[in-house]
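Trainee: Sharing a structure below in C-alpha cells format, with a few things to ask.
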Amino acid sequence: MKKPVRFTVFLFAMMVALGPWLASSQQTTQHPAGEPAPQPNQSPSKVPEELQIPTPTPSPEPSPSLAGPPTETQTPTPEPTPTPSPHTTPVPATGTPTPSPSPANGAPAVSPSASPTPGPAFTAADLFFPPLNNREIVVIAVGDVMLGTTFPDDDGSMLPPDDGADLLSQVTPILKRGDVVFGNLEGPMLEGGTSLKCHGKTTNCYAFRVPTRYGKYLQAAGFTAMGLANNHAMDFGQEGRTSSRTVLDSLGIAHTGEIGDIAHLTVKGEKIEIIAFATYPGAYNLLDLDGALQTIRQARAESDIVIVSFHGGAEGATHQHVLEGDEKFLGEDRGDLRRFAHAAIDAGAQLVIGSGPHVVRGMEIYQGKMIAYSLGNFATYGPFNLSGENGISLILEAHLAPDGSFLGGQVYPIRQEKPGGPKVDPSMSILPVLRSLSQEDFGQNSVVEGPHGELWLPGVEAAECSNAPDMLDQAFRTNPCGIYP
C-alpha cells in the first residue's frame with residue numbers, strides 16, 4: 001500500500017510545480033493593436049498589407065560586408081527590416097544556413113509550416129551578395145568552360161538543349177556583378193577543321209570543338225576575358241586557337257594564352273592585364289619560371305593590376321590538395337604550383353587564379369594577395385566526369401583595392417549534373433570542402449571562409465563551426481565545417 005501513496009504524492013508535487021506554467025499557457029493570446037482573439041468559428045482580422053510576413057520566405061536583410069563577420073554571438077533582438085542601400089543586394093535568409101543533407105531532389109528543405117505546394121527553384125537571387133562600390137575592383141572568376149562540342153559527333157548529340165541558349169542563364173546575375181569576368185575556355189570555338197590531337201580517332205581521345213555561334217552566350221553572360229592556355233586550346237591546331245581569338249574579338253571579349261597574347265582591360269580608370277599560363281608549347285609556360293616572371297614584371301610595369309591565371313596540377317578528386325614540389329599526371333609535368341604562384345606575386349601579380357584539376361582546390365593569401373589554386377568545372381557540357389567532387393564548384397568573387405590587395409570576397413556554390421550546365425547549389429556542398437582544403441593545405445595563410453561563403457583575410461574570426469561526427473553532438477549555434485576527408 002506504500003507505493004500508491006508515494007505515487008499520489010509525486011503526482012501532487014508535479015501538479016504544484018507545473019501549475020503556474022499551465023495557467024500561463026491558457027492565457028488569452030494578445031493580437032496587434034489590442035484586437036481580441038478570434039472566436040473558434042470566426043476568421044481573424046485581416047492584417048494590413050505592409051505588416052504581412054510572407055510565408056515561407058524569410059524577411060530580407062542587408063548583405064554581409066567585407067569587413068568581417070559580427071563578433072556578437074548572442075541572438076539579436078528582432079528589429080524592423082532595414083532598407084538596403086543602392087549598392088547592396090538584399091538576401092532572404094536571416095539565419096546561418098548549414099550544409100546539412102538536402103532532400104533527394106536537391107531542393108532546399110521546406111519548413112513544417114510551409115505549404116506543401118512546391119516553391120520556386122533556388123536561384124542566384126537567393127544567395128548572399130557583398131555590397132559593391134566604386135572604390136574596389138570586383139573580379140569574378142570561374143574554372144573550365146566548354147559549352148558543348150561537335151566533335152567527334154557533329155549531329156548535335158553533345159550540344160545542350162535549345163542550342164545552349166539557357167545554359168548559363170541561372171548564373172548570369174552573379175557573373176555580371178564583376179568589373180572583370182574571367183574563365184578558362186576549355187576547347188576552341190571553330191567550324192570544321194581537323195583534330196591533330198586525335199589523328200582521326202574518335203574513342204579514348206578527348207578533343208572539343210565548340211560552335212562559334214556559342215560565343216554570344218559568353219558575351220551575354222558577362223564574360224570580359226577568356227583564357228586560351230590549356231590542354232585543349234590546340235585540339236584543332238593553330239586554326240582552332242586563331243578561330244577562338246577571332247570569335248572573341250568580334251564580341252569584344254579579351255583573351256590571353258598564346259605567347260604575345262595578353263588581355264588588356266580598363267576598369268574604373270585602372271589598367272588591368274591578364275596573362276594565362278599553361279604547361280604546353282605555344283603558350284606562356286609556367287614551367288619556364290624565369291621567362292614567366294619576366295613576362296609578369298613587364299606587364300606590371302605597364303599596368304596597375306596584373307591578374308595571372310594558370311592551367312596546371314594533376315586532375316581528379318584524388319588530387320584536390322596542393323602538393324609541395326612538381327605535380328605529375330599521365331607522365332606530364334603539371335608544375336610546381338606553390339612555387340609558381342608565390343613567385344608570380346613577388347614579380348608583381350596581384351591575383352592568381354588556377355584551373356586544370358577539374359576539381360576545386362584550396363585558397364591562400366600570400367603577401368596580402370589571393371591565390372585560388374583551382375576553381376574546378378564551371379560549365380562543362382557533354383563528355384565530362386561530373387560525379388562527386390567533379391560536379392561541385394564555385395564562382396569566385398574577389399574584391400581588390402586599387403593597388404590589387406585582396407580586401408575580401410565571396411564564393412557562390414555551383415553544381416553540375418550530367419550532362420552539364422551550372423546551377424546554383426542550395427546545399428552549398430562546396431563550402432565545407434573549400435574550407436577544409438584551404439585550412440589543411442595553407443594553415444594560418446588560408447583564406448578565412450564564412451558560413452555563407454564570405455571570404456576574408458587571415459586573422460578575421462569567422463562564425464564558429466565544428467567537426468562533430470554526429471549532428472546530435474554539434475555545438476549549439478555552430479555550423480558543420482571541415483567535412484572533407
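The chains in the C-alpha cells are called A, B, ... from first to last as shown; in each chain the residues are counted from 1, and the ligands are counted from 1 in the order shown.
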Running DSSP on the backbone, which parts of segment 107-334 of chain A land in strand (DSSP E or B), as a PyMOL selection string?
Mentor: chain A and resi 137-146+180-185+189+210+225-227+254-256+258+263-267+270-278+283-285+305-311+328-329+332-333
Trainee: Leaving out Asn231 of chain A and any residue of its chain fewer than 6 positions from it, which residues lie within 9 Å of it when counting only C-alpha atoms, given as JSON, numbers by chain?
Mentor: {"A": [186, 187, 278, 279, 280, 311, 356]}
Trainee: Store the residues picked out above, limited to C-alpha atoms, as an mmCIF file, in the first residue's frame.
Mentor:
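Generated output (out.cif):
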data_model
loop_
_atom_site.group_PDB
_atom_site.id
_atom_site.type_symbol
_atom_site.label_atom_id
_atom_site.label_comp_id
_atom_site.auth_asym_id
_atom_site.auth_seq_id
_atom_site.Cartn_x
_atom_site.Cartn_y
_atom_site.Cartn_z
ATOM 1 C CA GLU A 186 38.414 24.580 -72.464
ATOM 2 C CA GLY A 187 38.384 23.913 -76.206
ATOM 3 C CA ALA A 278 49.931 26.564 -69.004
ATOM 4 C CA THR A 279 52.470 23.734 -69.269
ATOM 5 C CA TYR A 280 52.323 23.320 -73.050
ATOM 6 C CA HIS A 311 46.300 25.687 -66.054
ATOM 7 C CA GLY A 356 43.160 22.250 -64.673
#
Trainee: Going by DSSP on the backbone, which residues of segment 170-391 of chain A come out as helix (DSSP H, G or I)? List them as a PyMOL selection string.
Mentor: chain A and resi 172-175+212-221+237-251+289-302+317-319+337-346+388-391
Trainee: Identify which of the residues A:Gly227, A:Pro402, A:Gly453, A:Gly291 lies closest to Asp144 of chain A, counting only C-alpha atoms when measuring atom-to-atom distances.
Mentor: A:Gly227
Trainee: For Gly362 of chain A, which residue among A:Glu327, A:Glu302, A:Asp162, A:Glu449 is the nearest when counting only C-alpha atoms?
Mentor: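 Between A:Glu327, A:Glu302, A:Asp162, A:Glu449, the residue approaching Gly362 of chain A most closely is A:Glu449.
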Trainee: List the spatial neighbours of segment 237-245 of chain A as a PyMOL selection string - criterion: any atom at most 8 Å away, only C-alpha atoms, same-chain residues fewer than 4 positions off excluded.
Mentor: chain A and resi 188-190+193+195-197+212+228+233+249+255
Trainee: With C-alpha atoms kept, could you save the residues just selected as a short mmCIF file (atom, residue, chain, number, x, y, z; two decimals), in the first residue's frame?
Mentor:
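Written output follows (selection_31.cif):
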data_model
loop_
_atom_site.label_atom_id
_atom_site.label_comp_id
_atom_site.auth_asym_id
_atom_site.auth_seq_id
_atom_site.Cartn_x
_atom_site.Cartn_y
_atom_site.Cartn_z
CA PRO A 188 38.49 26.01 -79.39
CA MET A 189 35.49 27.71 -80.99
CA LEU A 190 35.65 26.51 -84.56
CA GLY A 193 38.80 21.65 -89.18
CA SER A 195 41.85 17.43 -84.91
CA LEU A 196 45.61 16.98 -84.96
CA LYS A 197 45.34 15.73 -81.40
CA THR A 212 31.42 29.60 -83.00
CA LEU A 228 43.21 30.14 -74.04
CA ALA A 233 43.32 25.06 -76.73
CA ASP A 249 37.46 39.74 -80.81
CA HIS A 255 41.76 36.81 -74.49
#
Trainee: Need the shell around Asp154 of chain A: protein/DNA/RNA residues with any atom at most 12 Å away, counting only C-alpha atoms. Skip same-chain ones fewer than 2 positions apart. Format as a PyMOL selection string?
Mentor: chain A and resi 148-152+156-159+191-193+202+208-211
Trainee: May I ask which of the residues A:Leu265, A:Val171, A:Ile259, A:Met428 is the closest one to Ala221 of chain A, counting only C-alpha atoms?
Mentor: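 Smallest separation from Ala221 of chain A among the options: A:Val171.
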Trainee: Which residue out of A:Ser250, A:Thr295, A:Gln350, A:Gln410 has the minimum interatomic distance to Val447 of chain A when only C-alpha atoms are used?
Mentor: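 Of the candidates, the smallest distance to Val447 of chain A is held by A:Gln410.
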Trainee: Taking only C-alpha atoms into account, name the residue in A:Gln320, A:Lys369, A:Leu351, A:Thr380 that is nearest to Val433 of chain A.
Mentor: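 Checking each of A:Gln320, A:Lys369, A:Leu351, A:Thr380 against Val433 of chain A, counting only C-alpha atoms, the winner is A:Gln320.
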